[in-house]
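Novice: Could you have a look at this structure, given as structure tokens, before my questions?
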Amino acid sequence: MPRALLICRFVLSAVLALAWTLARAQPEPAPFPGAEGFSPIGKHVEVLEDTGGRLTLAEVLLPENNARFKRNQTWAPNFGYTHSAYWLRFRLPAEAFSGNGLLLEIRFPSIDRLELYLPVGGGWREVRAGDTLVWDAREVKHRNHVFRMPPPPSPGPHDYYLRVASESVLTVPIFLWQPEAFARHDHLVQLALGLFYGLLAALVLYNLMLYFTVRDRAYLFYVAYAAAFGSYLFAFDGLGFQYLWPHSVWWANHALATSLALALAFGALFSGTFLDMARTAPYANRPMQAIAASGVLLALAAATGWVLSYGEILRALSVLGFLAAAIATWVAVRAIFAGYRAARFFLLAWGALLVFIALGALRNFALVPTTFVTVHGLHIGMGLDVLLLSFALADRINSLKRDRASAHAEALANHRALLEATRASKNALEVGIAERTAELNRANERLREEAREREQLMAQLRAQEEHLRFMAQHDALTGLPNRISMQQRLALAMELAKRNRKKLAVMLVDLDDFKRLNDSRGHVVGDHALSAIAGRLRTSVRGSDTVARFGGDEFVVLAGELDRPEDAGMIAEKIADMVSVPLPVDGTTERIGCSIGISVYPDDADTAEGLIERADRAMYAAKSARERRYAFYAA
């Protein structure tokens with residue numbers, strides 16, 4: 001565990017460094033940048049609420065609206081969850097500007113829309129920002145909303161107007177900077193954030209490796225919780241929009257609520273698993289499981305934008321966060337009194353985070369002012385939370401080791417007692433084991449014999465099923481596909497011809513003089529003749545063609561992949577030649593001719609029924625014209 005303690009110390013150092021850096025960036029307010037190069041001007045702005053969100057700058061400049069502006073009393077105007085737009089007005093003297101002008105920073109990345117109006121000549125120049133615009137649309141590429149403010153066009157004081165609107169919490173920490181001071185400050189903040197997130201990632205990966213080693217679900221839920229919470233802070237700080245999804249405005253407006261909902265869900269699952277609520281506190285486990293399920297549903301709603309609005313999701317998460325923290329705290333206190341050592345670190349972790357969650361929730365509802373602690377305290381809270389939870393997991397593993405050692409010692413003592421008892425009855429057990437072994441061998445032999453019989457029966461059933469399937473699709477006398485199988489193959493052949501833009505010929509072959517042979521020589525001879533002719537038909541066509549018995553002395557040949565209808569005539573000639581070869585029957589020979597009717601897809605018909613019907617007409621036409629052995633369908 002020394003490595004875990006070292007990583008935890010690094011995380012705590014990063015959190016404290018971040019807090020120190022952010023604290024240095026927030027001195028007492030001043031009218032405009034002084035010797036240190038920056039100034040928070042929140043207490044020097046006046047605010048106008050636009051409840052409908054429809055006022056334009058020209059309307060705001062009207063005397064009746066100008067009179068509605070009220071002086072803000074805090075360093076960062078905070079309006080909580082609101083559907084209103086707000087106009088901020090502040091006045092700067094010309095001497096406040098250096099040669100390169102000033103920078104105006106709004107240190108709250110999740111604001112949807114901002115419009116800054118700068119005085120230019122006799123009018124105004126509008127500059128837009130907000131996370132509803134893609135990253136490249138920003139005038140200054142920064143994770144916060146930063147505007148360039150050039151020196152005013154004339155001496156004297158000048159008014160500046162800033163319009164802000166957002167679907168989530170609307171907080172406007174507003175700062176004026178000299179460009180050089182802003183660059184120095186941003187370098188320090190980026191360094192602190194990089195250290196914080198780098199060490200947080202290292203802690204997550206370290207505990208993930210521990211999960212693969214110990215296979216304890218508590219580690220998995222801890223890693224998922226820390227990763228989700230870290231993703232929330234990464235998006236909250238504006239780093240996600242800057243580095244991961246700069247072109248996805250939609251995800252920039254959904255990532256915060258989604259990751260926060262997942263953090264709630266995995267935090268609830270981790271609490272239930274770590275404190276073993278299912279066994280020690282089932283009355284608390286059911287609500288905690290419900291909170292976890294609600295977190296998953298809220299994450300789905302936040303990621304898709306369905307059902308609930310962004311503000312409604314954040315309000316629900318605030319309430320559920322209070323409930324989860326209260327339940328976990330109560331169960332942890334009971335576990336401490338019950339002697340569960342690891343619950344002490346768990347309670348410290350949740351207690352530290354609970355303070356910052358509560359302050360953040362109250363700030364979201366505009367019940368407490370926006371200060372350094374309420375805006376940036378989650379970094380500190382999360383750092384302490386994951387650090388102390390890591391200690392808690394380590395202590396939990398140690399407790400489990402102690403419990404296992406105690407259980408092992410007890411089991412060893414029981415085993416020794418069992419060995420003593422076993423020695424006293426060894427002979428009786430050996431006899432019983434021998435008898436039982438012989439009985440098991442006999443039972444196994446019977447089972448093997450039954451298995452062999454069952455396998456043979458299954459093989460017979462499979463063969464019979466295959467035979468029945470073949471008989472259902474083939475003619476029993478000739479072995480050719482029957483009428484049902486032919487219709488299925490005709491449908492497939494039509495689809496193939498349509499896809500390949502080829503011709504398909506349907507040939508209806510009717511045997512001439514077969515009735516005379518069948519009546520004069522008997523049905524046995526007739527069946528023999530049909531089987532022989534079926535074999536000749538199979539050898540007369542290509543391997544890709546189909547020969548089927550249509551019924552009685554009628555056969556159907558499906559010839560596909562034809563380029564011209566005339567190609568079917570060549571196949572028909574070959575069929576007629578093969579059929580007309582004298583057939584040996586009982587020492588004599590019989591000559592049987594055939595009449596072939598041909599229809600072509602798609603020239604003659606585009607349905608199976610149509611092709612069969614037209615081939616039948618063509619066959620009767622061939623019978624009528626005795627000088628022809630086959631005939632094409634003619635409309």
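Just remember, in the structure tokens the first chain shown is A, the second B, etc., residues are 1-based per chain, and ligands are 1-based in the order shown.
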Env of Arg617 (chain A): 12 Å cut, atoms = only C-alpha atoms, seq-sep filter 4 positions within chain, self excluded. Answer as a PyMOL selection string.

Specialist: chain A and resi 506-510+595-599+604+610-613+621-624+630-635

Novice: Write out as a PyMOL selection string each polymer residue whose atoms come within 10 Å of region 157-160 of chain A, counting only C-alpha atoms; drop sequence neighbours fewer than 5 positions from it.

Specialist: chain A and resi 45+88-96+116-119+124+149+152

Novice: Env of Gly53 (chain A): 8 Å cut, atoms = only C-alpha atoms, seq-sep filter 2 positions within chain, self excluded. Answer as a ChimeraX atom specification.

Specialist: /A:50-51,55,84-86

Novice: Create the file for the chosen residues now, containing N, CA and C atoms and written as a short mmCIF file (atom, residue, chain, number, x, y, z; two decimals), in the first residue's frame.

Specialist:
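Output below, filename result03.cif:
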data_model
loop_
_atom_site.label_atom_id
_atom_site.label_comp_id
_atom_site.auth_asym_id
_atom_site.auth_seq_id
_atom_site.Cartn_x
_atom_site.Cartn_y
_atom_site.Cartn_z
N ASP A 50 -34.16 40.43 -18.19
CA ASP A 50 -35.03 40.38 -19.38
C ASP A 50 -35.79 39.06 -19.31
N THR A 51 -36.98 39.08 -18.67
CA THR A 51 -37.72 37.83 -18.40
C THR A 51 -38.13 37.12 -19.68
N LEU A 55 -35.35 41.46 -25.42
CA LEU A 55 -34.88 42.84 -25.54
C LEU A 55 -33.64 42.92 -26.41
N SER A 84 -34.59 33.49 -17.71
CA SER A 84 -34.46 34.88 -18.15
C SER A 84 -33.08 35.13 -18.75
N ALA A 85 -33.01 36.13 -19.59
CA ALA A 85 -31.73 36.67 -20.03
C ALA A 85 -31.39 37.87 -19.14
N TYR A 86 -30.12 38.15 -18.97
CA TYR A 86 -29.69 39.26 -18.11
C TYR A 86 -28.73 40.15 -18.88
#

Novice: Going by DSSP on the backbone, which bits of region 71-181 of chain A are strand (DSSP E or B)? Write them as an MDAnalysis selection string, please.

Specialist: chainID A and resid 71 78:81 85:92 102:106 113:120 123:129 145:149 158:165 169:171 174:177

Novice: Write the residues you've just listed into a file as a PDB file, in the first residue's frame, and include C-alpha atoms for each of them.

Specialist:
ATOM      1  CA  ARG A  71     -26.348  47.578  -8.792  1.00  0.00           C
ATOM      2  CA  ASN A  78     -25.340  34.622  -9.623  1.00  0.00           C
ATOM      3  CA  PHE A  79     -28.893  34.142 -10.913  1.00  0.00           C
ATOM      4  CA  GLY A  80     -29.307  30.396 -10.176  1.00  0.00           C
ATOM      5  CA  TYR A  81     -31.623  28.354 -12.400  1.00  0.00           C
ATOM      6  CA  ALA A  85     -31.729  36.673 -20.028  1.00  0.00           C
ATOM      7  CA  TYR A  86     -29.691  39.262 -18.113  1.00  0.00           C
ATOM      8  CA  TRP A  87     -28.051  42.474 -19.247  1.00  0.00           C
ATOM      9  CA  LEU A  88     -24.933  43.598 -17.372  1.00  0.00           C
ATOM     10  CA  ARG A  89     -23.749  47.181 -17.690  1.00  0.00           C
ATOM     11  CA  PHE A  90     -20.460  48.590 -16.458  1.00  0.00           C
ATOM     12  CA  ARG A  91     -18.603  51.810 -17.091  1.00  0.00           C
ATOM     13  CA  LEU A  92     -14.861  52.156 -17.664  1.00  0.00           C
ATOM     14  CA  LEU A 102      -7.924  44.956 -21.964  1.00  0.00           C
ATOM     15  CA  LEU A 103      -9.328  41.432 -21.770  1.00  0.00           C
ATOM     16  CA  LEU A 104     -12.745  40.689 -20.285  1.00  0.00           C
ATOM     17  CA  GLU A 105     -12.967  37.178 -18.781  1.00  0.00           C
ATOM     18  CA  ILE A 106     -16.202  35.441 -17.788  1.00  0.00           C
ATOM     19  CA  ARG A 113     -24.918  32.585 -24.916  1.00  0.00           C
ATOM     20  CA  LEU A 114     -22.995  35.820 -24.343  1.00  0.00           C
ATOM     21  CA  GLU A 115     -23.043  39.033 -26.396  1.00  0.00           C
ATOM     22  CA  LEU A 116     -20.663  41.881 -25.532  1.00  0.00           C
ATOM     23  CA  TYR A 117     -21.429  45.316 -27.013  1.00  0.00           C
ATOM     24  CA  LEU A 118     -18.372  47.579 -27.401  1.00  0.00           C
ATOM     25  CA  PRO A 119     -18.671  51.301 -28.179  1.00  0.00           C
ATOM     26  CA  VAL A 120     -17.310  52.032 -31.675  1.00  0.00           C
ATOM     27  CA  GLY A 123     -22.502  52.886 -32.583  1.00  0.00           C
ATOM     28  CA  TRP A 124     -21.778  49.483 -31.121  1.00  0.00           C
ATOM     29  CA  ARG A 125     -19.807  46.400 -32.139  1.00  0.00           C
ATOM     30  CA  GLU A 126     -21.230  43.043 -31.060  1.00  0.00           C
ATOM     31  CA  VAL A 127     -18.965  40.098 -30.091  1.00  0.00           C
ATOM     32  CA  ARG A 128     -20.553  36.714 -29.364  1.00  0.00           C
ATOM     33  CA  ALA A 129     -19.441  33.737 -27.301  1.00  0.00           C
ATOM     34  CA  HIS A 145     -15.228  33.145 -22.266  1.00  0.00           C
ATOM     35  CA  VAL A 146     -12.662  35.878 -23.006  1.00  0.00           C
ATOM     36  CA  PHE A 147     -13.283  39.067 -25.037  1.00  0.00           C
ATOM     37  CA  ARG A 148     -10.796  41.604 -26.372  1.00  0.00           C
ATOM     38  CA  MET A 149     -11.624  45.187 -25.375  1.00  0.00           C
ATOM     39  CA  HIS A 158     -17.819  54.640 -21.649  1.00  0.00           C
ATOM     40  CA  ASP A 159     -20.599  52.163 -20.936  1.00  0.00           C
ATOM     41  CA  TYR A 160     -20.276  48.499 -21.931  1.00  0.00           C
ATOM     42  CA  TYR A 161     -23.189  46.051 -22.159  1.00  0.00           C
ATOM     43  CA  LEU A 162     -23.043  42.274 -21.744  1.00  0.00           C
ATOM     44  CA  ARG A 163     -26.061  40.032 -22.390  1.00  0.00           C
ATOM     45  CA  VAL A 164     -25.988  36.509 -20.879  1.00  0.00           C
ATOM     46  CA  ALA A 165     -28.471  33.606 -21.040  1.00  0.00           C
ATOM     47  CA  VAL A 169     -27.081  27.672 -13.601  1.00  0.00           C
ATOM     48  CA  LEU A 170     -26.284  31.239 -14.641  1.00  0.00           C
ATOM     49  CA  THR A 171     -23.271  32.637 -12.809  1.00  0.00           C
ATOM     50  CA  ILE A 174     -16.474  38.809 -14.490  1.00  0.00           C
ATOM     51  CA  PHE A 175     -12.848  39.993 -14.552  1.00  0.00           C
ATOM     52  CA  LEU A 176     -10.852  42.678 -16.334  1.00  0.00           C
ATOM     53  CA  TRP A 177      -7.268  41.809 -17.283  1.00  0.00           C
TER      54      TRP A 177
END

Novice: Skip Ala76 (chain A) itself and residues of its chain fewer than 3 positions away, then list as number ranges by chain all residues within 6 Å of it, counting only C-alpha atoms.

Specialist: A: 42, 172-173

Novice: Generate the output file for the selected residues, C-alpha atoms, as a PDB file, in the first residue's frame.

Specialist:
ATOM      1  CA  GLY A  42     -18.745  42.032 -10.238  1.00  0.00           C
ATOM      2  CA  VAL A 172     -21.161  35.469 -14.237  1.00  0.00           C
ATOM      3  CA  PRO A 173     -17.753  35.818 -12.493  1.00  0.00           C
TER       4      PRO A 173
END
